[in-house]
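data.txt follows; it contains compact mmCIF, C-alpha atoms and all ligand atoms.
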```
# COMPACT_ATOMS: atom_id res chain seq x y z
CA MET A 1 -62.63 -38.91 -16.15
CA ALA A 2 -66.14 -37.48 -16.16
CA ARG A 3 -68.85 -39.84 -17.37
CA ALA A 4 -70.32 -39.49 -20.84
CA GLU A 5 -73.77 -38.76 -19.40
CA GLY A 6 -75.44 -35.35 -19.36
CA PRO A 7 -75.91 -33.16 -16.29
CA GLU A 8 -77.69 -35.02 -13.48
CA GLY A 9 -81.38 -35.54 -14.19
CA HIS A 10 -81.43 -33.68 -17.49
CA PRO A 11 -82.15 -35.70 -20.62
CA ARG A 12 -79.35 -35.69 -23.16
CA THR A 13 -80.06 -34.18 -26.56
CA VAL A 14 -79.32 -36.69 -29.33
CA LEU A 15 -79.31 -35.76 -33.02
CA ILE A 16 -79.55 -38.70 -35.44
CA THR A 17 -79.23 -38.47 -39.23
CA GLY A 18 -81.03 -40.72 -41.72
CA CYS A 19 -84.14 -41.49 -39.64
CA SER A 20 -86.63 -41.98 -42.50
CA SER A 21 -85.97 -45.75 -42.47
CA GLY A 22 -83.84 -48.62 -41.19
CA ILE A 23 -81.32 -48.29 -38.40
CA GLY A 24 -81.85 -44.52 -37.93
CA LEU A 25 -85.60 -44.90 -37.56
CA HIS A 26 -85.31 -47.76 -35.05
CA LEU A 27 -82.64 -45.96 -33.03
CA ALA A 28 -84.64 -42.72 -32.86
CA VAL A 29 -87.70 -44.58 -31.57
CA LYS A 30 -85.72 -46.69 -29.10
CA LEU A 31 -84.00 -43.67 -27.52
CA ALA A 32 -87.20 -41.58 -27.50
CA GLN A 33 -89.04 -44.42 -25.71
CA ASP A 34 -86.23 -44.95 -23.19
CA PRO A 35 -87.91 -46.13 -19.94
CA GLN A 36 -85.70 -43.79 -17.91
CA GLN A 37 -86.40 -40.89 -20.33
CA ARG A 38 -82.66 -40.17 -20.56
CA TYR A 39 -82.86 -38.67 -24.07
CA HIS A 40 -84.47 -35.97 -26.14
CA VAL A 41 -84.14 -37.17 -29.74
CA ILE A 42 -83.88 -34.90 -32.77
CA ALA A 43 -84.63 -37.39 -35.53
CA THR A 44 -83.56 -35.88 -38.83
CA MET A 45 -84.15 -36.86 -42.44
CA ARG A 46 -83.53 -35.18 -45.78
CA ASP A 47 -87.12 -35.59 -47.02
CA LEU A 48 -89.79 -34.82 -44.40
CA GLY A 49 -92.30 -36.29 -46.85
CA LYS A 50 -91.07 -39.64 -45.52
CA LYS A 51 -91.71 -38.90 -41.82
CA GLU A 52 -94.94 -40.91 -41.42
CA LYS A 53 -93.20 -44.23 -40.77
CA LEU A 54 -91.08 -42.68 -38.01
CA GLU A 55 -93.97 -40.75 -36.49
CA ALA A 56 -96.16 -43.86 -36.44
CA ALA A 57 -93.40 -45.88 -34.77
CA ALA A 58 -92.69 -43.11 -32.24
CA GLY A 59 -96.26 -43.12 -30.90
CA GLU A 60 -96.68 -40.94 -27.80
CA ALA A 61 -93.00 -40.00 -27.76
CA LEU A 62 -93.66 -37.78 -30.79
CA GLY A 63 -93.56 -34.16 -29.72
CA GLN A 64 -92.42 -35.22 -26.26
CA THR A 65 -89.01 -36.92 -26.35
CA LEU A 66 -88.86 -37.04 -30.14
CA THR A 67 -88.71 -34.11 -32.56
CA VAL A 68 -88.51 -34.60 -36.33
CA ALA A 69 -86.35 -32.16 -38.33
CA GLN A 70 -85.05 -31.82 -41.88
CA LEU A 71 -81.37 -32.45 -42.48
CA ASP A 72 -79.68 -33.40 -45.75
CA VAL A 73 -76.09 -34.26 -44.79
CA CYS A 74 -74.96 -33.24 -48.29
CA SER A 75 -76.26 -29.68 -47.84
CA GLU A 76 -74.37 -27.17 -45.66
CA ASP A 77 -77.44 -24.87 -45.59
CA SER A 78 -79.71 -27.68 -44.43
CA MET A 79 -77.24 -28.60 -41.71
CA SER A 80 -76.81 -25.00 -40.48
CA ALA A 81 -80.58 -24.46 -40.41
CA CYS A 82 -81.08 -27.65 -38.40
CA LEU A 83 -78.28 -26.98 -35.91
CA SER A 84 -79.29 -23.35 -35.30
CA SER A 85 -82.84 -24.50 -34.51
CA ILE A 86 -81.48 -26.49 -31.56
CA GLU A 87 -79.00 -23.91 -30.30
CA GLU A 88 -80.71 -23.47 -26.94
CA ARG A 89 -80.46 -27.24 -26.38
CA SER A 90 -76.78 -27.91 -26.87
CA LEU A 91 -76.14 -31.24 -28.48
CA ASP A 92 -74.87 -34.02 -26.21
CA VAL A 93 -74.80 -36.89 -28.72
CA LEU A 94 -74.48 -36.82 -32.52
CA VAL A 95 -75.24 -40.06 -34.39
CA ASN A 96 -74.00 -40.03 -37.98
CA ASN A 97 -76.15 -42.76 -39.45
CA ALA A 98 -77.13 -41.45 -42.91
CA GLY A 99 -75.54 -43.56 -45.62
CA LEU A 100 -75.70 -44.69 -49.21
CA GLY A 101 -74.68 -48.03 -50.68
CA ILE A 102 -73.13 -48.76 -54.09
CA VAL A 103 -72.08 -52.13 -55.49
CA GLY A 104 -70.81 -53.57 -58.76
CA PRO A 105 -67.82 -53.79 -61.10
CA LEU A 106 -65.75 -50.60 -60.72
CA GLU A 107 -65.52 -50.14 -64.52
CA SER A 108 -69.32 -49.84 -64.70
CA LEU A 109 -69.76 -47.16 -62.01
CA ASN A 110 -69.88 -43.49 -63.00
CA MET A 111 -67.84 -40.91 -61.13
CA ALA A 112 -70.91 -38.87 -60.18
CA ASP A 113 -72.39 -41.83 -58.29
CA ILE A 114 -69.00 -42.60 -56.75
CA ARG A 115 -68.66 -39.00 -55.52
CA LYS A 116 -72.23 -39.01 -54.17
CA VAL A 117 -71.36 -41.98 -51.94
CA PHE A 118 -68.39 -40.10 -50.47
CA GLU A 119 -70.38 -36.86 -50.18
CA THR A 120 -73.02 -38.72 -48.14
CA ASN A 121 -71.12 -41.36 -46.19
CA PHE A 122 -67.90 -39.45 -45.45
CA PHE A 123 -68.12 -35.70 -46.07
CA GLY A 124 -71.66 -35.56 -44.63
CA ALA A 125 -70.38 -36.87 -41.30
CA VAL A 126 -67.24 -34.69 -41.46
CA GLN A 127 -69.33 -31.57 -42.03
CA LEU A 128 -71.65 -32.31 -39.11
CA ILE A 129 -68.88 -33.28 -36.70
CA LYS A 130 -66.93 -30.15 -37.66
CA ALA A 131 -70.01 -28.03 -36.87
CA VAL A 132 -70.78 -29.53 -33.44
CA LEU A 133 -67.21 -29.80 -32.11
CA PRO A 134 -66.82 -26.20 -30.84
CA SER A 135 -69.89 -26.38 -28.55
CA MET A 136 -68.99 -29.87 -27.30
CA LYS A 137 -65.43 -28.65 -26.56
CA GLN A 138 -66.77 -25.56 -24.80
CA ARG A 139 -68.86 -27.77 -22.52
CA ARG A 140 -66.08 -30.35 -22.14
CA ARG A 141 -68.68 -33.02 -22.87
CA GLY A 142 -70.06 -34.92 -25.85
CA HIS A 143 -70.35 -38.19 -27.72
CA ILE A 144 -69.93 -38.60 -31.47
CA VAL A 145 -71.27 -41.89 -32.83
CA VAL A 146 -70.57 -42.92 -36.43
CA VAL A 147 -72.36 -45.82 -38.10
CA SER A 148 -69.49 -47.36 -40.05
CA SER A 149 -69.55 -51.02 -41.15
CA VAL A 150 -67.57 -54.26 -41.22
CA MET A 151 -66.70 -52.89 -44.64
CA GLY A 152 -64.88 -50.08 -42.87
CA LEU A 153 -62.56 -52.73 -41.45
CA GLN A 154 -62.33 -55.25 -44.28
CA GLY A 155 -63.10 -54.66 -47.95
CA VAL A 156 -65.56 -56.90 -49.76
CA VAL A 157 -65.36 -57.76 -53.44
CA PHE A 158 -67.46 -55.48 -55.71
CA ASN A 159 -67.99 -53.09 -52.76
CA ASP A 160 -64.81 -51.10 -53.48
CA ILE A 161 -66.30 -47.59 -53.27
CA TYR A 162 -68.70 -48.20 -50.39
CA SER A 163 -65.96 -49.88 -48.37
CA ALA A 164 -63.56 -47.01 -49.13
CA SER A 165 -66.11 -44.50 -47.82
CA LYS A 166 -66.36 -46.42 -44.55
CA PHE A 167 -62.56 -46.86 -44.30
CA ALA A 168 -62.35 -43.08 -44.60
CA LEU A 169 -64.70 -42.72 -41.61
CA GLU A 170 -62.56 -45.18 -39.62
CA GLY A 171 -59.33 -43.27 -40.20
CA PHE A 172 -61.05 -39.95 -39.53
CA CYS A 173 -62.55 -41.11 -36.20
CA GLU A 174 -59.43 -43.00 -35.10
CA SER A 175 -57.44 -39.76 -35.50
CA LEU A 176 -60.03 -37.46 -33.91
CA ALA A 177 -60.57 -39.68 -30.87
CA VAL A 178 -57.20 -38.91 -29.29
CA GLN A 179 -57.60 -35.12 -29.37
CA LEU A 180 -61.23 -35.22 -28.22
CA LEU A 181 -60.45 -37.37 -25.20
CA ARG A 182 -58.66 -34.29 -23.87
CA PHE A 183 -62.06 -32.55 -23.89
CA ASN A 184 -64.02 -35.46 -22.41
CA ILE A 185 -65.65 -36.01 -25.82
CA PHE A 186 -66.01 -39.63 -26.94
CA VAL A 187 -65.94 -40.98 -30.50
CA SER A 188 -67.53 -44.37 -31.23
CA LEU A 189 -67.60 -46.32 -34.50
CA VAL A 190 -70.40 -48.88 -34.74
CA GLU A 191 -69.58 -51.56 -37.34
CA PRO A 192 -72.55 -53.74 -38.29
CA GLY A 193 -72.30 -56.63 -40.70
CA PRO A 194 -75.22 -57.19 -43.07
CA VAL A 195 -78.47 -55.70 -41.68
CA ASN A 196 -81.90 -56.42 -43.15
CA THR A 197 -83.16 -52.92 -44.00
CA ASP A 198 -84.04 -51.19 -47.29
CA PHE A 199 -80.27 -50.93 -47.85
CA GLU A 200 -79.95 -54.24 -49.72
CA ALA A 201 -83.18 -53.70 -51.68
CA LYS A 202 -81.82 -50.35 -52.90
CA LEU A 203 -78.63 -52.08 -54.09
CA VAL A 204 -80.63 -54.80 -55.88
CA ALA A 205 -82.74 -52.08 -57.54
CA GLN A 206 -79.56 -50.24 -58.66
CA VAL A 207 -78.17 -53.46 -60.15
CA SER A 208 -81.40 -54.36 -61.94
CA LYS A 209 -81.38 -50.98 -63.73
CA ALA A 210 -77.67 -51.09 -64.58
CA ASP A 211 -76.25 -52.02 -67.98
CA PHE A 212 -72.64 -52.23 -66.78
CA PRO A 213 -70.86 -50.19 -69.46
CA GLY A 214 -67.16 -50.96 -69.96
CA THR A 215 -67.35 -54.30 -68.12
CA ASP A 216 -65.88 -57.47 -69.64
CA PRO A 217 -68.04 -60.63 -69.68
CA ASP A 218 -65.92 -62.49 -67.10
CA THR A 219 -66.14 -59.66 -64.54
CA LEU A 220 -69.87 -59.32 -65.19
CA SER A 221 -70.39 -63.04 -64.68
CA TYR A 222 -68.39 -63.05 -61.43
CA PHE A 223 -70.58 -60.20 -60.21
CA LEU A 224 -74.01 -61.36 -61.37
CA ASP A 225 -73.62 -65.15 -61.11
CA VAL A 226 -71.20 -65.55 -58.24
CA TYR A 227 -71.17 -62.49 -55.98
CA LEU A 228 -74.85 -61.50 -55.94
CA PRO A 229 -76.23 -64.96 -55.02
CA ALA A 230 -73.54 -65.30 -52.31
CA SER A 231 -74.34 -61.82 -51.00
CA LYS A 232 -78.04 -62.70 -50.81
CA ASP A 233 -77.08 -65.80 -48.79
CA ILE A 234 -75.01 -63.67 -46.45
CA PHE A 235 -77.91 -61.31 -45.73
CA GLN A 236 -80.23 -64.24 -45.13
CA THR A 237 -77.78 -66.18 -43.00
CA LEU A 238 -75.86 -63.53 -41.07
CA GLY A 239 -78.18 -60.55 -41.44
CA GLN A 240 -79.10 -58.72 -38.24
CA SER A 241 -82.26 -56.63 -37.78
CA PRO A 242 -82.26 -52.83 -37.55
CA GLU A 243 -83.60 -53.33 -34.03
CA ASP A 244 -80.45 -55.33 -33.15
CA ILE A 245 -78.30 -52.42 -34.30
CA ALA A 246 -80.48 -49.82 -32.56
CA GLN A 247 -80.07 -51.80 -29.34
CA ALA A 248 -76.30 -51.96 -29.82
CA ILE A 249 -76.06 -48.21 -30.46
CA ALA A 250 -78.31 -47.43 -27.46
CA GLN A 251 -75.86 -49.39 -25.29
CA VAL A 252 -72.92 -47.48 -26.75
CA ILE A 253 -74.66 -44.16 -26.00
CA GLY A 254 -75.55 -45.30 -22.49
CA SER A 255 -71.97 -46.30 -21.69
CA ALA A 256 -70.07 -44.19 -19.16
CA GLN A 257 -66.75 -44.80 -20.92
CA PRO A 258 -67.60 -45.51 -24.58
CA SER A 259 -64.99 -47.35 -26.66
CA LEU A 260 -63.79 -46.33 -30.12
CA ARG A 261 -65.10 -49.44 -31.92
CA TYR A 262 -68.05 -51.80 -31.64
CA GLN A 263 -68.69 -54.66 -34.06
CA THR A 264 -72.30 -55.84 -33.72
CA ASN A 265 -72.16 -59.28 -35.40
CA ALA A 266 -70.07 -62.00 -33.72
CA LEU A 267 -70.56 -64.29 -36.71
CA TYR A 268 -68.73 -61.79 -38.93
CA THR A 269 -65.75 -61.03 -36.66
CA PRO A 270 -63.62 -63.96 -37.90
CA LEU A 271 -63.61 -62.25 -41.32
CA THR A 272 -62.58 -58.83 -40.01
CA ALA A 273 -59.90 -60.47 -37.85
CA LEU A 274 -58.07 -62.09 -40.78
CA LYS A 275 -55.92 -59.02 -41.59
CA TYR A 276 -54.62 -58.90 -38.02
CA ALA A 277 -53.67 -62.58 -38.20
CA ASP A 278 -51.64 -61.88 -41.35
CA PRO A 279 -50.65 -58.20 -41.85
CA SER A 280 -49.49 -58.98 -45.41
CA GLY A 281 -53.17 -59.29 -46.39
CA ASP A 282 -52.59 -62.62 -48.14
CA LEU A 283 -54.78 -64.52 -45.67
CA SER A 284 -57.70 -62.10 -46.13
CA VAL A 285 -57.47 -62.00 -49.92
CA HIS A 286 -57.10 -65.78 -50.31
CA THR A 287 -59.82 -66.57 -47.77
CA PHE A 288 -62.36 -64.30 -49.46
CA TYR A 289 -61.24 -65.64 -52.86
CA ARG A 290 -61.75 -69.24 -51.79
CA LEU A 291 -65.07 -68.48 -50.06
CA LEU A 292 -66.29 -66.81 -53.23
CA PHE A 293 -64.75 -68.76 -56.13
CA ARG A 294 -63.56 -72.10 -54.82
CA CYS A 295 -66.04 -73.40 -52.35
CA GLN A 296 -69.38 -72.10 -53.56
CA PRO A 297 -71.34 -75.24 -52.52
CA LEU A 298 -69.23 -75.61 -49.36
CA PHE A 299 -69.63 -71.88 -48.68
CA ARG A 300 -73.40 -72.21 -48.85
CA PHE A 301 -73.20 -75.29 -46.68
CA SER A 302 -71.06 -73.41 -44.16
CA LEU A 303 -73.53 -70.49 -44.24
CA CYS A 304 -76.31 -72.96 -43.51
CA CYS A 305 -74.27 -74.24 -40.54
CA LEU A 306 -73.73 -70.66 -39.38
CA ARG A 307 -77.44 -70.07 -39.68
CA CYS A 308 -78.25 -73.17 -37.65
CA LEU A 309 -75.58 -72.29 -35.09
CA SER A 310 -77.13 -68.87 -34.76
CA GLY A 311 -80.45 -70.60 -34.18
CA ASN A 312 -82.15 -69.38 -37.35
CA CYS A 313 -82.35 -72.66 -39.24
CA LEU A 314 -86.13 -72.56 -38.89
CA ARG A 315 -86.23 -69.10 -40.47
CA PRO A 316 -88.50 -69.40 -43.55
CA ARG A 317 -86.30 -69.12 -46.64
CA VAL A 318 -87.79 -66.77 -49.18
CA THR A 319 -87.16 -68.49 -52.49
CA PRO A 320 -87.07 -66.22 -55.56
CA MET A 321 -90.19 -66.71 -57.73
N1 LIG B 401 -77.92 -52.40 -44.08
C1 LIG B 401 -76.69 -52.87 -43.91
O1 LIG B 401 -76.35 -54.02 -44.29
C2 LIG B 401 -75.68 -52.01 -43.24
C3 LIG B 401 -75.81 -50.63 -43.18
N2 LIG B 401 -74.81 -49.89 -42.58
C4 LIG B 401 -74.94 -48.43 -42.49
O2 LIG B 401 -76.08 -48.14 -41.67
C5 LIG B 401 -76.53 -46.82 -41.99
C6 LIG B 401 -78.05 -46.84 -42.14
O3 LIG B 401 -78.36 -47.68 -43.25
P1 LIG B 401 -79.66 -48.64 -43.25
O4 LIG B 401 -80.58 -48.20 -42.16
O5 LIG B 401 -79.20 -50.04 -43.32
O6 LIG B 401 -80.27 -48.33 -44.67
P2 LIG B 401 -81.46 -47.36 -45.14
O7 LIG B 401 -81.25 -47.18 -46.60
O8 LIG B 401 -82.77 -47.84 -44.61
O9 LIG B 401 -81.16 -45.97 -44.38
C7 LIG B 401 -80.26 -45.04 -44.90
C8 LIG B 401 -80.75 -43.69 -44.42
O10 LIG B 401 -79.81 -42.71 -44.83
C9 LIG B 401 -80.58 -41.64 -45.36
N3 LIG B 401 -79.82 -40.79 -46.25
C10 LIG B 401 -79.26 -41.10 -47.44
N4 LIG B 401 -78.68 -39.98 -47.97
C11 LIG B 401 -78.90 -38.96 -47.09
C12 LIG B 401 -78.57 -37.57 -47.06
N5 LIG B 401 -77.90 -36.99 -48.05
N6 LIG B 401 -78.97 -36.84 -45.98
C13 LIG B 401 -79.67 -37.41 -44.97
N7 LIG B 401 -80.02 -38.72 -44.94
C14 LIG B 401 -79.63 -39.47 -46.00
C15 LIG B 401 -81.74 -42.31 -46.07
O11 LIG B 401 -82.73 -41.36 -46.32
P3 LIG B 401 -83.69 -41.45 -47.62
O12 LIG B 401 -84.86 -42.26 -47.16
O13 LIG B 401 -84.03 -40.01 -47.90
O14 LIG B 401 -82.90 -42.10 -48.71
C16 LIG B 401 -82.11 -43.33 -45.00
O15 LIG B 401 -82.89 -42.71 -44.01
C17 LIG B 401 -75.78 -46.40 -43.27
O16 LIG B 401 -74.72 -45.54 -42.90
C18 LIG B 401 -75.20 -47.72 -43.79
O17 LIG B 401 -73.99 -47.51 -44.52
C19 LIG B 401 -73.71 -50.46 -42.00
C20 LIG B 401 -73.56 -51.82 -42.02
C21 LIG B 401 -74.54 -52.69 -42.64
C1 LIG B 402 -68.70 -62.43 -46.19
C2 LIG B 402 -68.44 -62.86 -47.58
C3 LIG B 402 -69.06 -62.31 -48.66
C4 LIG B 402 -70.02 -61.20 -48.62
C5 LIG B 402 -70.09 -60.27 -47.69
C6 LIG B 402 -71.08 -59.23 -47.69
C7 LIG B 402 -72.05 -59.14 -48.82
C8 LIG B 402 -71.09 -58.35 -46.66
C9 LIG B 402 -72.03 -57.25 -46.56
C10 LIG B 402 -71.86 -56.31 -45.59
C11 LIG B 402 -72.64 -55.11 -45.58
C12 LIG B 402 -73.87 -55.03 -46.37
C13 LIG B 402 -72.19 -54.03 -44.92
C14 LIG B 402 -72.82 -52.77 -45.09
O1 LIG B 402 -72.30 -51.73 -44.63
C15 LIG B 402 -68.81 -62.83 -50.04
C16 LIG B 402 -68.00 -61.78 -50.79
C17 LIG B 402 -70.15 -63.04 -50.72
C18 LIG B 402 -68.07 -64.16 -50.04
C19 LIG B 402 -66.95 -64.18 -49.09
C20 LIG B 402 -67.45 -63.98 -47.68
```
Would you mind giving the structure from this file in structure tokens?
Ligand SMILES: NC(=O)C1=CN([C@@H]2O[C@H](COP(=O)(O)OP(=O)(O)OC[C@H]3O[C@@H](n4cnc5c(N)ncnc54)[C@H](OP(=O)(O)O)[C@@H]3O)[C@@H](O)[C@H]2O)C=CC1
Ligand SMILES: CC1=C(/C=C/C(C)=C/C=C/C(C)=C/C=O)C(C)(C)CCC1
Amino acid sequence: MARAEGPEGHPRTVLITGCSSGIGLHLAVKLAQDPQQRYHVIATMRDLGKKEKLEAAAGEALGQTLTVAQLDVCSEDSMSACLSSIEERSLDVLVNNAGLGIVGPLESLNMADIRKVFETNFFGAVQLIKAVLPSMKQRRRGHIVVVSSVMGLQGVVFNDIYSASKFALEGFCESLAVQLLRFNIFVSLVEPGPVNTDFEAKLVAQVSKADFPGTDPDTLSYFLDVYLPASKDIFQTLGQSPEDIAQAIAQVIGSAQPSLRYQTNALYTPLTALKYADPSGDLSVHTFYRLLFRCQPLFRFSLCCLRCLSGNCLRPRVTPM
């Protein structure tokens, strides 16, 4: 089986979506600053007005091994314009990173916001992958990377829609991988747990503006008083950095025989493993239920232990004002 690398000595062209912040920004910079100069990065974002942060982080790589381009994954025109501008450089690696979060009681979410999450997280990736497949198949070479999530493997309470959008990506990639292997094209799902980027802040901002129509008091209390504080703990205790994820994705891209799945957070894997230990789902549901509703104090204690085990017990805790 041919290796996933490009032709000898030529840098591989990598297109990344969602590079205005977070994981996408860190990955674009990391690949563009590759010591062996193995990559030419096309770092895309939907709003070029936000490119300063990326350009500042890219330093001398800007204009050399890093090009910034506009791409809104929800717009077919934007995608076609971006892809045709790179026609002469056929794409070796596509990283579908762009994504949108949504959290809260299902009754309180409106269908337009629900659809926007699927348009971005799922159909945006589908549209791009569909567009690049013919040229990758023609060249019998390519690597499609999708930034999924632990929530694409195991649902999390009050993350019903977001998790569903990532499950959709998992089923899509799992199916595509078999056919593409025939063409020496690899598909890789990267599944981070909580990552400390703007992602969580955007969710908190959404929640602070929400008035939760159609939600009963008990559900609202479980969400606001139980889930949100526990979720904050999780980000503080288990949260990885966008740099950690960029490093993990760079290794996936540099692999000669990339796998289909890569979880990035060893502390989270016991939770995504539960459903394989008990296919009925009872173990997963009851474990999450107990972690959330039964052992709040113990859960926080166990998170503190996890934090200490992972060597972060000296990490300054930001206490809400
Ligand atoms: N943070 C976390 O805990 C985790 C995140 N993930 C996934 O990682 C990926 C990156 O998220 P992260 O870096 O954390 O968060 P950020 O919110 O920092 O990054 C999300 C990026 O997606 C972009 N984006 C959103 N909608 C579109 C669109 N229609 N077209 C193009 N770009 C778009 C955003 O651009 P803009 O600035 O214009 O909004 C932003 O650049 C997402 O797929 C997310 O689901 C997975 C596991 C954990
Ligand atoms: C683990 C866990 C919880 C929260 C998990 C969270 C909040 C995970 C976030 C993952 C993200 C942000 C993925 C993004 O794609 C609860 C429900 C609080 C309690 C039960 C155990």
Residues within 9 Å of ligand LIG 402 (chain B) (all atoms listed in the file), as an MDAnalysis selection string? chainID A and resid 99 101 147:152 155:159 162:163 166 191:196 199:200 226:235 238:239 268 271 287:293 296 299
Residues of the last selection are to be written out with C-alpha atoms, as a short mmCIF file (atom, residue, chain, number, x, y, z; two decimals), in the frame of the given file.
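Produced file part.cif, reproduced below:
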```
data_model
loop_
_atom_site.label_atom_id
_atom_site.label_comp_id
_atom_site.auth_asym_id
_atom_site.auth_seq_id
_atom_site.Cartn_x
_atom_site.Cartn_y
_atom_site.Cartn_z
CA GLY A 99 -75.54 -43.56 -45.62
CA GLY A 101 -74.68 -48.03 -50.68
CA VAL A 147 -72.36 -45.82 -38.10
CA SER A 148 -69.49 -47.36 -40.05
CA SER A 149 -69.55 -51.02 -41.15
CA VAL A 150 -67.57 -54.26 -41.22
CA MET A 151 -66.70 -52.89 -44.64
CA GLY A 152 -64.88 -50.08 -42.87
CA GLY A 155 -63.10 -54.66 -47.95
CA VAL A 156 -65.56 -56.90 -49.76
CA VAL A 157 -65.36 -57.76 -53.44
CA PHE A 158 -67.46 -55.48 -55.71
CA ASN A 159 -67.99 -53.09 -52.76
CA TYR A 162 -68.70 -48.20 -50.39
CA SER A 163 -65.96 -49.88 -48.37
CA LYS A 166 -66.36 -46.42 -44.55
CA GLU A 191 -69.58 -51.56 -37.34
CA PRO A 192 -72.55 -53.74 -38.29
CA GLY A 193 -72.30 -56.63 -40.70
CA PRO A 194 -75.22 -57.19 -43.07
CA VAL A 195 -78.47 -55.70 -41.68
CA ASN A 196 -81.90 -56.42 -43.15
CA PHE A 199 -80.27 -50.93 -47.85
CA GLU A 200 -79.95 -54.24 -49.72
CA VAL A 226 -71.20 -65.55 -58.24
CA TYR A 227 -71.17 -62.49 -55.98
CA LEU A 228 -74.85 -61.50 -55.94
CA PRO A 229 -76.23 -64.96 -55.02
CA ALA A 230 -73.54 -65.30 -52.31
CA SER A 231 -74.34 -61.82 -51.00
CA LYS A 232 -78.04 -62.70 -50.81
CA ASP A 233 -77.08 -65.80 -48.79
CA ILE A 234 -75.01 -63.67 -46.45
CA PHE A 235 -77.91 -61.31 -45.73
CA LEU A 238 -75.86 -63.53 -41.07
CA GLY A 239 -78.18 -60.55 -41.44
CA TYR A 268 -68.73 -61.79 -38.93
CA LEU A 271 -63.61 -62.25 -41.32
CA THR A 287 -59.82 -66.57 -47.77
CA PHE A 288 -62.36 -64.30 -49.46
CA TYR A 289 -61.24 -65.64 -52.86
CA ARG A 290 -61.75 -69.24 -51.79
CA LEU A 291 -65.07 -68.48 -50.06
CA LEU A 292 -66.29 -66.81 -53.23
CA PHE A 293 -64.75 -68.76 -56.13
CA GLN A 296 -69.38 -72.10 -53.56
CA PHE A 299 -69.63 -71.88 -48.68
#
```
Residues at most 9 Å from Leu91 of chain A, counting all atoms listed in the file, excluding those fewer than 2 positions away in the same chain, as a count of residues only? 14
Taking all listed atoms of ligand LIG 401 (chain B), build the axis-aligned box, pad each of the six sides by 8 Å, then write its centre and edge lengths in Å to one decimal as JSON.
```
{"center_x": -79.2, "center_y": -45.4, "center_z": -45.2, "size_x": 27.3, "size_y": 33.2, "size_z": 23.0}
```
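Distances here use only C-alpha atoms and all ligand atoms; by that measure, the residue among A:Arg182, A:Lys202, A:His40, A:Lys137 closest to ligand LIG 401 (chain B) is A:Lys202.
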Shortest interatomic distance to Gln64 of chain A - which of A:Ile42, A:Ala250, A:Met111, A:Ile161, counting only C-alpha atoms: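 Of the candidates, the smallest distance to Gln64 of chain A is held by A:Ile42.
The gap separating atom CA of Thr67 of chain A from atom CA of Ala43 of chain A is 6.0 Å, in Å to one decimal.
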Using only C-alpha atoms, collect all residues at a distance of at most 9 Å from (-66.6, -48.8, -63.1) as written in the file, then present them as a PyMOL selection string. chain A and resi 104-111+212-215
Atoms kept (C-alpha atoms) for selection, written as a short mmCIF file (atom, residue, chain, number, x, y, z; two decimals), in the coordinates of the input:
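And here's part-v3.cif as it stands now:
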```cif
data_model
loop_
_atom_site.label_atom_id
_atom_site.label_comp_id
_atom_site.auth_asym_id
_atom_site.auth_seq_id
_atom_site.Cartn_x
_atom_site.Cartn_y
_atom_site.Cartn_z
CA GLY A 104 -70.81 -53.57 -58.76
CA PRO A 105 -67.82 -53.79 -61.10
CA LEU A 106 -65.75 -50.60 -60.72
CA GLU A 107 -65.52 -50.14 -64.52
CA SER A 108 -69.32 -49.84 -64.70
CA LEU A 109 -69.76 -47.16 -62.01
CA ASN A 110 -69.88 -43.49 -63.00
CA MET A 111 -67.84 -40.91 -61.13
CA PHE A 212 -72.64 -52.23 -66.78
CA PRO A 213 -70.86 -50.19 -69.46
CA GLY A 214 -67.16 -50.96 -69.96
CA THR A 215 -67.35 -54.30 -68.12
#
```
Mind listing as a ChimeraX atom specification all residues within 10 Å of (-85.2, -37.3, -38.6), counting all atoms listed in the file? /A:15-21,24-25,28,41-48,50-51,54-55,66-72
Gap from atom C2 of ligand LIG 401 (chain B) to atom CA of Gln36 of chain A - Å, one decimal: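 If I compute the distance from atom C2 of ligand LIG 401 (chain B) to atom CA of Gln36 of chain A, I get 28.5 Å.
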Mind pulling up the distance from atom CA of Glu119 of chain A to atom CA of Tyr39 of chain A?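 That distance, rounded to one decimal, is 29.0 Å.
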Can you pull out every residue within 10 Å of Ala248 of chain A, counting only C-alpha atoms, but drop anything in the same chain fewer than 4 positions away, and send it as a PDB file with C-alpha atoms, keeping the file's coordinate frame?
```pdb
ATOM      1  CA  LEU A  27     -82.640 -45.960 -33.030  1.00  0.00           C
ATOM      2  CA  VAL A 190     -70.400 -48.880 -34.740  1.00  0.00           C
ATOM      3  CA  PRO A 192     -72.550 -53.740 -38.290  1.00  0.00           C
ATOM      4  CA  PRO A 242     -82.260 -52.830 -37.550  1.00  0.00           C
ATOM      5  CA  GLU A 243     -83.600 -53.330 -34.030  1.00  0.00           C
ATOM      6  CA  ASP A 244     -80.450 -55.330 -33.150  1.00  0.00           C
ATOM      7  CA  VAL A 252     -72.920 -47.480 -26.750  1.00  0.00           C
ATOM      8  CA  ILE A 253     -74.660 -44.160 -26.000  1.00  0.00           C
ATOM      9  CA  GLY A 254     -75.550 -45.300 -22.490  1.00  0.00           C
ATOM     10  CA  TYR A 262     -68.050 -51.800 -31.640  1.00  0.00           C
ATOM     11  CA  GLN A 263     -68.690 -54.660 -34.060  1.00  0.00           C
ATOM     12  CA  THR A 264     -72.300 -55.840 -33.720  1.00  0.00           C
TER      13      THR A 264
END
```
Proximity to ligand LIG 401 (chain B) - best of A:Glu174, A:Glu76, A:Asp225, A:Asp278, only C-alpha atoms and all ligand atoms: A:Glu76
